[in-house]
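Text of the file start18.cif, holding mmCIF, C-alpha atoms:
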```cif
data_entry
loop_
_atom_site.label_atom_id
_atom_site.label_comp_id
_atom_site.auth_asym_id
_atom_site.auth_seq_id
_atom_site.Cartn_x
_atom_site.Cartn_y
_atom_site.Cartn_z
CA MET A 797 0.00 0.00 0.00
CA LYS A 798 2.76 2.37 0.97
CA SER A 799 4.84 1.66 -2.11
CA PHE A 800 1.80 2.11 -4.39
CA LYS A 801 1.17 5.60 -2.99
CA ARG A 802 4.74 6.70 -3.58
CA LYS A 803 4.59 5.53 -7.19
CA THR A 804 1.53 7.65 -8.00
CA ILE A 805 3.20 10.78 -6.63
CA VAL A 806 6.21 10.29 -8.88
CA ASN A 807 4.03 9.89 -11.99
CA ALA A 808 1.92 12.97 -11.25
CA GLU A 809 4.36 15.34 -13.02
CA ILE A 810 2.87 17.11 -16.03
CA SER A 811 4.39 15.72 -19.17
CA THR A 812 5.76 18.33 -21.56
CA ALA A 813 6.62 15.74 -24.16
CA SER A 814 3.65 16.69 -26.34
CA LEU A 815 4.59 20.38 -26.38
CA PRO A 816 7.00 20.02 -29.33
CA ASP A 817 4.29 18.17 -31.23
CA ILE A 818 1.84 21.02 -30.74
CA VAL A 819 4.39 23.59 -31.79
CA PHE A 820 5.40 21.54 -34.83
CA LEU A 821 1.75 21.35 -35.83
CA LEU A 822 1.55 25.16 -35.74
CA LEU A 823 4.83 25.36 -37.59
CA PHE A 824 3.62 23.11 -40.40
CA PHE A 825 0.41 25.11 -40.66
CA PHE A 826 2.36 28.31 -41.19
CA MET A 827 4.85 26.66 -43.54
CA VAL A 828 2.03 25.41 -45.73
CA THR A 829 0.04 28.65 -45.78
CA ALA A 830 3.04 30.93 -46.10
CA VAL A 831 3.60 32.84 -49.31
CA ILE A 832 7.19 33.94 -49.14
CA ARG A 833 7.85 37.07 -51.12
CA THR A 834 10.69 36.44 -53.48
CA ASP A 835 11.03 39.76 -55.23
CA GLU A 836 11.23 43.30 -54.00
CA ASN A 837 8.59 45.79 -55.03
CA LEU A 838 9.54 47.54 -58.23
CA VAL A 839 7.40 50.55 -57.47
CA LYS A 840 6.57 52.39 -54.29
CA TYR A 841 2.93 52.80 -53.49
CA GLU A 842 0.79 53.92 -50.59
CA VAL A 843 -2.80 52.90 -51.28
CA PRO A 844 -5.54 55.40 -50.43
CA LYS A 845 -7.93 54.92 -47.52
CA ALA A 846 -11.60 54.09 -47.94
CA LYS A 847 -14.44 53.14 -45.63
CA HIS A 848 -16.81 51.00 -47.67
CA ILE A 849 -14.46 48.30 -48.85
CA ASN A 850 -15.13 44.63 -49.34
CA LYS A 851 -13.02 41.54 -49.79
CA ALA A 852 -12.40 39.86 -53.11
CA GLU A 853 -13.77 36.34 -53.21
CA MET A 854 -11.90 33.63 -55.11
CA LYS A 855 -8.25 34.41 -54.51
CA THR A 856 -7.17 32.33 -57.51
CA LEU A 857 -8.80 34.81 -59.89
CA ILE A 858 -6.75 37.72 -58.62
CA ARG A 859 -3.99 39.29 -60.70
CA GLU A 860 -2.14 42.30 -59.41
CA LEU A 861 -0.99 45.54 -60.97
CA GLN A 862 1.04 48.10 -59.08
CA VAL A 863 1.27 51.74 -60.01
CA GLY A 864 3.64 54.16 -58.39
CA LEU A 865 6.99 55.86 -58.53
CA PRO A 866 9.86 53.49 -59.37
CA ALA A 867 11.74 52.18 -56.34
CA ASN A 868 14.99 52.81 -58.16
CA ALA A 869 15.30 56.59 -58.42
CA ARG A 870 17.46 56.33 -61.55
CA LEU A 871 14.39 55.21 -63.52
CA GLY A 872 12.88 58.67 -63.28
CA THR A 873 10.17 60.43 -61.33
CA GLU A 874 7.20 59.44 -63.48
CA PRO A 875 4.85 56.75 -62.11
CA LEU A 876 5.30 53.32 -63.71
CA ILE A 877 3.16 50.20 -63.92
CA SER A 878 4.46 46.88 -62.62
CA ASP A 879 3.01 43.38 -62.41
CA GLY A 880 5.20 42.51 -59.44
CA SER A 881 8.19 41.26 -61.40
CA HIS A 882 8.43 43.44 -64.53
CA TYR A 883 7.69 46.97 -65.55
CA LEU A 884 4.88 47.17 -68.09
CA LYS A 885 4.28 49.87 -70.64
CA ILE A 886 0.71 50.97 -71.20
CA ASN A 887 0.59 49.36 -74.65
CA GLU A 888 1.81 46.04 -73.24
CA LEU A 889 -1.15 45.72 -70.86
CA VAL A 890 -3.47 43.96 -73.33
CA GLN A 891 -0.85 41.33 -73.96
CA TRP A 892 -0.21 40.93 -70.23
CA VAL A 893 -3.94 40.46 -69.55
CA ASN A 894 -4.17 37.80 -72.25
CA GLN A 895 -1.14 36.00 -70.83
CA GLU A 896 -2.65 36.00 -67.36
CA LYS A 897 -6.02 34.88 -68.69
CA ALA A 898 -4.33 31.90 -70.30
CA THR A 899 -3.28 30.68 -66.84
CA LEU A 900 -6.87 30.50 -65.62
CA PRO A 901 -9.21 27.57 -66.25
CA GLU A 902 -11.66 28.12 -69.09
CA PRO A 903 -14.88 28.94 -67.18
CA TYR A 904 -13.15 31.62 -65.10
CA LYS A 905 -11.39 33.52 -67.86
CA ASP A 906 -13.87 36.36 -67.93
CA GLN A 907 -13.98 36.61 -64.16
CA MET A 908 -10.39 37.58 -63.62
CA ILE A 909 -10.09 40.28 -61.00
CA ILE A 910 -7.43 42.92 -61.46
CA VAL A 911 -6.30 44.33 -58.16
CA LEU A 912 -4.99 47.79 -58.80
CA LYS A 913 -2.54 48.89 -56.16
CA ALA A 914 -1.97 52.50 -57.04
CA ASP A 915 -0.29 55.21 -55.06
CA GLU A 916 -2.70 57.87 -53.83
CA ALA A 917 -0.68 60.63 -55.49
CA VAL A 918 -0.88 59.07 -58.96
CA LYS A 919 -2.86 61.20 -61.41
CA MET A 920 -6.13 59.93 -62.84
CA GLY A 921 -4.80 60.24 -66.38
CA LEU A 922 -2.63 57.15 -65.95
CA ILE A 923 -5.35 55.25 -64.07
CA ALA A 924 -7.83 56.05 -66.85
CA ASP A 925 -5.37 54.80 -69.48
CA ILE A 926 -5.04 51.53 -67.56
CA GLN A 927 -8.82 51.23 -67.30
CA GLN A 928 -9.09 51.83 -71.02
CA GLU A 929 -6.63 49.02 -71.78
CA LEU A 930 -8.42 46.69 -69.39
CA ARG A 931 -11.73 47.43 -71.10
CA LYS A 932 -10.12 46.69 -74.45
CA SER A 933 -8.85 43.33 -73.24
CA ASN A 934 -12.16 42.50 -71.53
CA ALA A 935 -10.77 42.25 -68.01
CA ARG A 936 -13.42 44.45 -66.51
CA LYS A 937 -13.47 43.47 -62.87
CA VAL A 938 -11.25 45.91 -61.07
CA LEU A 939 -10.60 46.14 -57.38
CA TYR A 940 -9.12 49.43 -56.29
CA ARG A 941 -7.02 48.27 -53.40
CA SER A 942 -7.52 50.54 -50.40
CA LYS A 943 -6.82 50.50 -46.72
CA GLU A 944 -9.62 50.40 -44.20
CA ASN A 945 -10.28 53.82 -42.74
CA ILE A 946 -11.89 53.50 -39.34
CA MET B 685 24.37 -3.55 -14.13
CA LYS B 686 24.45 -0.17 -12.55
CA ILE B 687 24.99 1.60 -15.91
CA THR B 688 22.09 -0.07 -17.69
CA ARG B 689 19.75 0.97 -14.91
CA LYS B 690 20.85 4.56 -15.28
CA LEU B 691 20.28 4.52 -19.04
CA ASN B 692 16.78 3.23 -18.59
CA GLN B 693 15.95 5.93 -16.12
CA GLU B 694 17.21 8.97 -18.05
CA PRO B 695 15.81 9.34 -21.57
CA VAL B 696 17.15 11.87 -24.07
CA ASN B 697 16.20 15.37 -22.96
CA THR B 698 13.60 16.70 -25.41
CA GLY B 699 12.98 19.92 -23.54
CA SER B 700 14.88 22.00 -26.08
CA MET B 701 12.87 20.58 -28.98
CA ALA B 702 10.07 23.01 -28.20
CA ASP B 703 12.50 25.94 -28.28
CA ILE B 704 13.82 24.96 -31.70
CA ALA B 705 10.31 24.57 -33.05
CA PHE B 706 9.29 27.93 -31.58
CA LEU B 707 12.25 29.57 -33.28
CA LEU B 708 11.20 28.17 -36.66
CA LEU B 709 7.59 29.11 -35.95
CA ILE B 710 8.51 32.70 -35.21
CA PHE B 711 10.59 32.87 -38.40
CA PHE B 712 7.63 31.78 -40.51
CA LEU B 713 5.24 34.05 -38.64
CA VAL B 714 7.42 37.04 -39.40
CA SER B 715 8.19 36.21 -43.02
CA THR B 716 4.59 35.36 -43.97
CA THR B 717 2.52 37.90 -45.85
CA ILE B 718 -1.09 36.95 -45.56
CA LEU B 719 -2.93 37.99 -48.70
CA GLN B 720 -5.28 40.84 -47.94
CA GLU B 721 -7.26 41.80 -50.97
CA LYS B 722 -9.67 44.41 -49.76
CA GLY B 723 -10.80 47.41 -51.70
CA LEU B 724 -13.46 48.99 -53.84
CA MET B 725 -14.67 46.60 -56.51
CA ILE B 726 -16.24 47.88 -59.71
CA THR B 727 -16.98 46.41 -63.09
CA LEU B 728 -15.83 48.54 -65.99
CA PRO B 729 -18.16 49.01 -68.94
CA PRO B 730 -17.43 46.99 -72.09
CA ASP B 731 -15.21 48.46 -74.76
CA GLN B 732 -16.76 51.59 -76.27
CA GLU B 733 -16.23 50.70 -79.88
CA LYS B 734 -18.27 47.53 -79.54
CA GLN B 735 -21.07 49.04 -77.50
CA PRO B 736 -23.62 51.55 -78.78
CA VAL B 737 -24.11 54.49 -76.44
CA MET B 738 -27.56 54.53 -74.92
CA PRO B 739 -29.18 57.92 -74.41
CA VAL B 740 -29.85 58.62 -70.74
CA ASN B 741 -32.49 60.97 -69.47
CA ASP B 742 -30.76 63.84 -67.74
CA ARG B 743 -32.75 63.51 -64.54
CA ASN B 744 -31.49 59.94 -64.09
CA LEU B 745 -27.89 61.07 -64.03
CA PHE B 746 -26.16 62.17 -60.84
CA LYS B 747 -23.11 64.02 -62.06
CA ILE B 748 -19.93 64.27 -60.02
CA SER B 749 -16.87 65.87 -61.58
CA ILE B 750 -13.46 66.40 -60.06
CA ASN B 751 -11.06 68.91 -61.56
CA SER B 752 -7.29 68.86 -61.58
CA LYS B 753 -7.18 70.84 -58.32
CA ASN B 754 -9.25 68.11 -56.64
CA GLN B 755 -12.31 70.35 -56.36
CA PHE B 756 -15.70 68.76 -56.72
CA LEU B 757 -18.61 69.73 -58.95
CA ILE B 758 -21.64 67.81 -57.76
CA GLN B 759 -24.86 68.22 -59.78
CA ASP B 760 -23.44 71.47 -61.24
CA GLU B 761 -22.76 72.87 -57.80
CA PRO B 762 -19.15 73.48 -56.72
CA ARG B 763 -18.20 71.95 -53.39
CA GLY B 764 -15.11 72.07 -51.26
CA ASP B 765 -15.54 68.72 -49.52
CA LEU B 766 -17.61 65.58 -49.69
CA ALA B 767 -19.76 66.22 -46.61
CA GLY B 768 -23.36 65.23 -47.29
CA LEU B 769 -22.58 63.53 -50.61
CA LYS B 770 -23.74 60.15 -49.31
CA ALA B 771 -27.10 61.55 -48.22
CA ASP B 772 -27.52 63.36 -51.54
CA VAL B 773 -26.79 60.21 -53.53
CA LYS B 774 -29.24 58.21 -51.44
CA MET B 775 -31.91 60.88 -51.89
CA PHE B 776 -31.27 60.91 -55.63
CA ILE B 777 -31.49 57.13 -56.08
CA LEU B 778 -34.53 56.49 -53.90
CA ASN B 779 -36.33 59.77 -54.64
CA PRO B 780 -38.93 59.18 -51.90
CA ALA B 781 -40.88 62.38 -52.66
CA ALA B 782 -40.94 61.61 -56.41
CA ALA B 783 -39.33 64.95 -57.26
CA ASN B 784 -39.01 65.88 -60.94
CA ASP B 785 -35.28 66.49 -60.90
CA LEU B 786 -34.25 63.24 -59.20
CA ALA B 787 -34.12 59.69 -60.58
CA GLU B 788 -37.29 58.20 -62.07
CA SER B 789 -36.66 54.90 -60.33
CA PRO B 790 -33.72 53.39 -58.41
CA LYS B 791 -33.19 51.00 -61.31
CA LYS B 792 -32.69 53.80 -63.82
CA ALA B 793 -30.49 55.95 -61.59
CA ILE B 794 -26.90 56.31 -62.72
CA VAL B 795 -24.14 57.95 -60.76
CA SER B 796 -21.58 59.38 -63.14
CA LEU B 797 -18.05 60.01 -61.96
CA LYS B 798 -15.90 62.16 -64.17
CA SER B 799 -12.36 63.15 -63.36
CA ASN B 800 -9.67 65.19 -65.00
CA ARG B 801 -6.38 63.69 -66.12
CA GLY B 802 -4.70 65.75 -63.42
CA THR B 803 -6.98 64.63 -60.59
CA ASP B 804 -5.33 62.77 -57.73
CA TYR B 805 -6.20 59.08 -57.48
CA ALA B 806 -6.96 59.61 -53.77
CA ALA B 807 -9.71 62.14 -54.57
CA PHE B 808 -11.29 59.74 -57.05
CA ILE B 809 -11.25 56.90 -54.51
CA ALA B 810 -12.77 59.19 -51.85
CA VAL B 811 -15.74 59.93 -54.12
CA LEU B 812 -16.15 56.31 -55.23
CA ASP B 813 -16.07 55.31 -51.58
CA GLU B 814 -18.93 57.67 -50.68
CA VAL B 815 -21.07 56.55 -53.63
CA LYS B 816 -20.56 52.88 -52.84
CA GLY B 817 -21.35 53.64 -49.20
CA ALA B 818 -24.66 55.21 -50.26
CA TYR B 819 -25.60 52.10 -52.24
CA TYR B 820 -24.67 49.81 -49.36
CA ASP B 821 -26.81 51.90 -47.00
CA ILE B 822 -29.76 51.57 -49.37
CA TYR B 823 -29.28 47.81 -49.70
CA GLY B 824 -28.94 47.47 -45.95
CA GLU B 825 -32.07 49.48 -45.19
CA ARG B 826 -34.16 47.20 -47.37
CA VAL B 827 -33.30 44.20 -45.22
CA GLY B 828 -33.19 46.00 -41.90
CA LEU B 829 -29.41 46.25 -41.54
CA SER B 830 -26.96 49.11 -41.50
CA GLY B 831 -24.72 49.63 -44.52
CA ASP B 832 -21.74 48.23 -42.65
CA GLN B 833 -23.61 45.12 -41.54
CA TYR B 834 -24.78 44.55 -45.09
CA ARG B 835 -21.24 44.78 -46.41
CA HIS B 836 -20.02 42.19 -43.94
CA LEU B 837 -22.68 39.58 -44.75
CA ASP B 838 -21.15 36.14 -45.15
CA LEU B 839 -22.05 34.94 -48.63
CA ASP B 840 -21.21 31.33 -47.82
CA ASN B 841 -24.06 31.25 -45.33
CA PRO B 842 -27.34 30.61 -47.22
CA ARG B 843 -29.47 32.75 -44.92
CA GLN B 844 -27.11 35.71 -45.15
CA LEU B 845 -26.80 35.21 -48.90
CA ALA B 846 -30.60 35.44 -49.15
CA LEU B 847 -30.50 38.75 -47.28
CA TYR B 848 -27.72 39.95 -49.55
CA GLU B 849 -29.65 39.08 -52.71
CA LYS B 850 -32.84 40.61 -51.35
CA GLY B 851 -31.06 43.83 -50.46
CA LYS B 852 -29.69 44.50 -53.91
CA GLU B 853 -32.58 43.08 -55.90
CA GLY B 854 -33.82 45.54 -58.51
CA ILE B 855 -31.30 48.26 -57.64
CA PRO B 856 -28.16 47.74 -59.69
CA MET B 857 -25.08 49.62 -58.61
CA ASN B 858 -24.90 51.89 -61.64
CA ILE B 859 -21.66 53.75 -61.17
CA SER B 860 -20.37 55.08 -64.43
CA ILE B 861 -16.74 56.09 -64.63
CA ALA B 862 -16.41 58.49 -67.52
CA GLU B 863 -13.21 59.03 -69.40
CA PRO B 864 -11.37 62.01 -67.97
CA ASN B 865 -11.06 65.18 -69.99
CA LYS B 866 -7.68 66.48 -70.86
#
```
Starting from the file, lay out its structure as structure tokens.
Amino acid sequence: MKSFKRKTIVNAEISTASLPDIVFLLLFFFMVTAVIRTDENLVKYEVPKAKHINKAEMKTLIRELQVGLPANARLGTEPLISDGSHYLKINELVQWVNQEKATLPEPYKDQMIIVLKADEAVKMGLIADIQQELRKSNARKVLYRSKENI
Amino acid sequence: MKITRKLNQEPVNTGSMADIAFLLLIFFLVSTTILQEKGLMITLPPDQEKQPVMPVNDRNLFKISINSKNQFLIQDEPRGDLAGLKADVKMFILNPAAANDLAESPKKAIVSLKSNRGTDYAAFIAVLDEVKGAYYDIYGERVGLSGDQYRHLDLDNPRQLALYEKGKEGIPMNISIAEPNK
């Protein structure tokens, strides 16, 4: 009886052996969901604030365009368009849209969402030119990326 | 005999395993950019050359222009700021008193947004934000919600989707973005 009691006391320690397992589980979750940014932004942009924003459904349909001053000051002080990895000229946009559309499955081709991340100081002339090109290439769903203004 | 007993009693210390895993976890937490695609969604009109221009009755058009100095001209009336724009747009679309100079019906109402090539993008977004807010308020009111609550309805939930559809039924969000003048 005495020896049995002593044994239970020894085993009553909380086991921390499962702690690494829990942490590894979290780690794998983050490793799987992580999108590691490989390239630096080519343009600098500070998106404007807005109150009545909503989220884009269907993340796979999203393609991104950035508009802002070039990060490398030697490229001038005029705003440029970038798709994240290359600079695009305004007359190359139609071709870019068609390339991106080709990566989508057939039923979703017309539902591609262009997320426009433009700097708030960019003039509407450039934005309107982009819109015009997007209309030409039938990519008409545009999300003006903006920060939530509370 | 003594050694084997000792080996059985002391297993490999795994206490530091958690620390290593935490270190990796923190690295991934910091380096992760979670996609946040929030903003103002609109659908651009089809290409002009392919689409005939439909004549629009003047009373169905709510005109907002922004000049290159970011000053607003709302229904031919110069304004310094956007205060009250949301209420005006709502009044125009719903036209509860059936006034002659406001929209015939919410379905026919069009809000036209015209900017100048020199207008700041931020000013354009500010106006678009207010107009969208007015529409969301209208949709929300029809199903007994505020504009914000309506915007945050979960479309994967069938009951909330029904509310969402009911709110916008018959009132399309007609926001026309005109080509800017030079």
Which chain B residues are at most 6 Å from chain A (counting only C-alpha atoms), as an MDAnalysis selection string? chainID B and resid 701:702 709 716 721:728 730:731 801:806 813 817
To box region 857-862 of chain B, take all atoms listed in the file, fit an axis-aligned box, add 5 Å on each side, and give centre and edge lengths in Å to one decimal, as AutoDock Vina command-line options.
```
--center_x -20.7 --center_y 54.1 --center_z -63.1 --size_x 18.7 --size_y 18.9 --size_z 18.9
```
Result set, the PyMOL selection byres ((chain B and resi 769-785) around 7) on current file, as a PDB file with C-alpha atoms, keeping the file's coordinate frame:
```pdb
ATOM      1  CA  ARG B 743     -32.750  63.510 -64.540  1.00  0.00           C
ATOM      2  CA  LEU B 766     -17.610  65.580 -49.690  1.00  0.00           C
ATOM      3  CA  ALA B 767     -19.760  66.220 -46.610  1.00  0.00           C
ATOM      4  CA  GLY B 768     -23.360  65.230 -47.290  1.00  0.00           C
ATOM      5  CA  LEU B 786     -34.250  63.240 -59.200  1.00  0.00           C
ATOM      6  CA  ALA B 787     -34.120  59.690 -60.580  1.00  0.00           C
ATOM      7  CA  SER B 789     -36.660  54.900 -60.330  1.00  0.00           C
ATOM      8  CA  PRO B 790     -33.720  53.390 -58.410  1.00  0.00           C
ATOM      9  CA  ALA B 793     -30.490  55.950 -61.590  1.00  0.00           C
ATOM     10  CA  GLU B 814     -18.930  57.670 -50.680  1.00  0.00           C
ATOM     11  CA  VAL B 815     -21.070  56.550 -53.630  1.00  0.00           C
ATOM     12  CA  GLY B 817     -21.350  53.640 -49.200  1.00  0.00           C
ATOM     13  CA  ALA B 818     -24.660  55.210 -50.260  1.00  0.00           C
ATOM     14  CA  ILE B 822     -29.760  51.570 -49.370  1.00  0.00           C
TER      15      ILE B 822
END
```
Please compute the CA of Ile859 (chain B)-CA of Leu797 (chain B) distance, one decimal, in Å.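 We find that CA of Ile859 (chain B) and CA of Leu797 (chain B) lie 7.3 Å from each other.
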Take the PyMOL selection byres ((chain A and resi 875) around 6), run it mentally on this structure, and tell me the resulting residues as a VMD selection string. chain A and resid 864 to 865 874 876
Could you turn the residues from that selection into a file that holds C-alpha atoms, as a PDB file, in the frame of the given file?
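As a result, selection.pdb now contains:
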```pdb
ATOM      1  CA  GLY A 864       3.640  54.160 -58.390  1.00  0.00           C
ATOM      2  CA  LEU A 865       6.990  55.860 -58.530  1.00  0.00           C
ATOM      3  CA  GLU A 874       7.200  59.440 -63.480  1.00  0.00           C
ATOM      4  CA  LEU A 876       5.300  53.320 -63.710  1.00  0.00           C
TER       5      LEU A 876
END
```
Do you know which residues are at most 10 Å from region 825-832 of chain B counting only C-alpha atoms, after dropping those on the same chain fewer than 4 positions away, and could you put them as a PyMOL selection string? (chain A and resi 847-849) or (chain B and resi 816-821+836-837+846-853)
Quote the spacing between CA of Met854 (chain A) and CA of Pro901 (chain A) in Å to one decimal place.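 According to the coordinates, CA of Met854 (chain A) and CA of Pro901 (chain A) are separated by 13.0 Å.
What the PyMOL selection byres ((chain B and resi 755) around 12) grabs from this file is Ile748, Ser749, Ile750, Asn751, Ser752, Lys753, Asn754, Phe756, Leu757, Ile758, Glu761, Pro762, Arg763, Gly764, Asp765, Leu766, Lys798, Ser799, Asn800, Gly802, Thr803, Asp804, Ala807, Phe808 and Val811 of chain B.
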Quick one: residues within 10 Å of (-6.6, 37.5, -70.3) (file frame), counting only C-alpha atoms, please, as a list of chain:residue names. A:Leu889, A:Val890, A:Gln891, A:Trp892, A:Val893, A:Asn894, A:Gln895, A:Glu896, A:Lys897, A:Ala898, A:Thr899, A:Leu900, A:Lys905, A:Asp906, A:Gln907, A:Met908, A:Leu930, A:Ser933, A:Asn934, A:Ala935
For the atom pair CA of Asp879 (chain A) and CA of Leu713 (chain B), what is the interatomic distance in Å to one decimal place? 25.6 Å
Which polymer residues have any atom within 9 Å of an atom of Val740 (chain B), counting all atoms listed in the file, with same-chain residues fewer than 5 positions away left out, as a ChimeraX atom specification? /B:745,792,794
Would you fill out region 869-880 of chain A with N, CA and C atoms and return it as a short mmCIF file (atom, residue, chain, number, x, y, z; two decimals), in the coordinates of the input?
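Saved the output as rebuild-v7.cif:
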```
data_model
loop_
_atom_site.label_atom_id
_atom_site.label_comp_id
_atom_site.auth_asym_id
_atom_site.auth_seq_id
_atom_site.Cartn_x
_atom_site.Cartn_y
_atom_site.Cartn_z
N ALA A 869 15.47 55.19 -58.05
CA ALA A 869 15.30 56.59 -58.42
C ALA A 869 15.90 56.91 -59.78
N ARG A 870 16.82 56.06 -60.25
CA ARG A 870 17.46 56.33 -61.55
C ARG A 870 16.49 56.13 -62.71
N LEU A 871 15.36 55.45 -62.44
CA LEU A 871 14.39 55.21 -63.52
C LEU A 871 13.45 56.38 -63.72
N GLY A 872 13.67 57.47 -63.04
CA GLY A 872 12.88 58.67 -63.28
C GLY A 872 11.88 58.94 -62.17
N THR A 873 11.13 60.02 -62.35
CA THR A 873 10.17 60.43 -61.33
C THR A 873 8.74 60.35 -61.84
N GLU A 874 8.55 59.63 -62.96
CA GLU A 874 7.20 59.44 -63.48
C GLU A 874 6.67 58.11 -62.96
N PRO A 875 5.38 58.03 -62.58
CA PRO A 875 4.85 56.75 -62.11
C PRO A 875 4.91 55.67 -63.19
N LEU A 876 5.22 54.45 -62.78
CA LEU A 876 5.30 53.32 -63.71
C LEU A 876 4.33 52.23 -63.28
N ILE A 877 4.04 51.33 -64.19
CA ILE A 877 3.16 50.20 -63.92
C ILE A 877 4.02 48.95 -63.78
N SER A 878 3.70 48.10 -62.81
CA SER A 878 4.46 46.88 -62.62
C SER A 878 3.50 45.74 -62.31
N ASP A 879 3.85 44.54 -62.75
CA ASP A 879 3.01 43.38 -62.41
C ASP A 879 3.62 42.59 -61.27
N GLY A 880 4.57 43.19 -60.56
CA GLY A 880 5.20 42.51 -59.44
C GLY A 880 6.60 42.05 -59.77
#
```
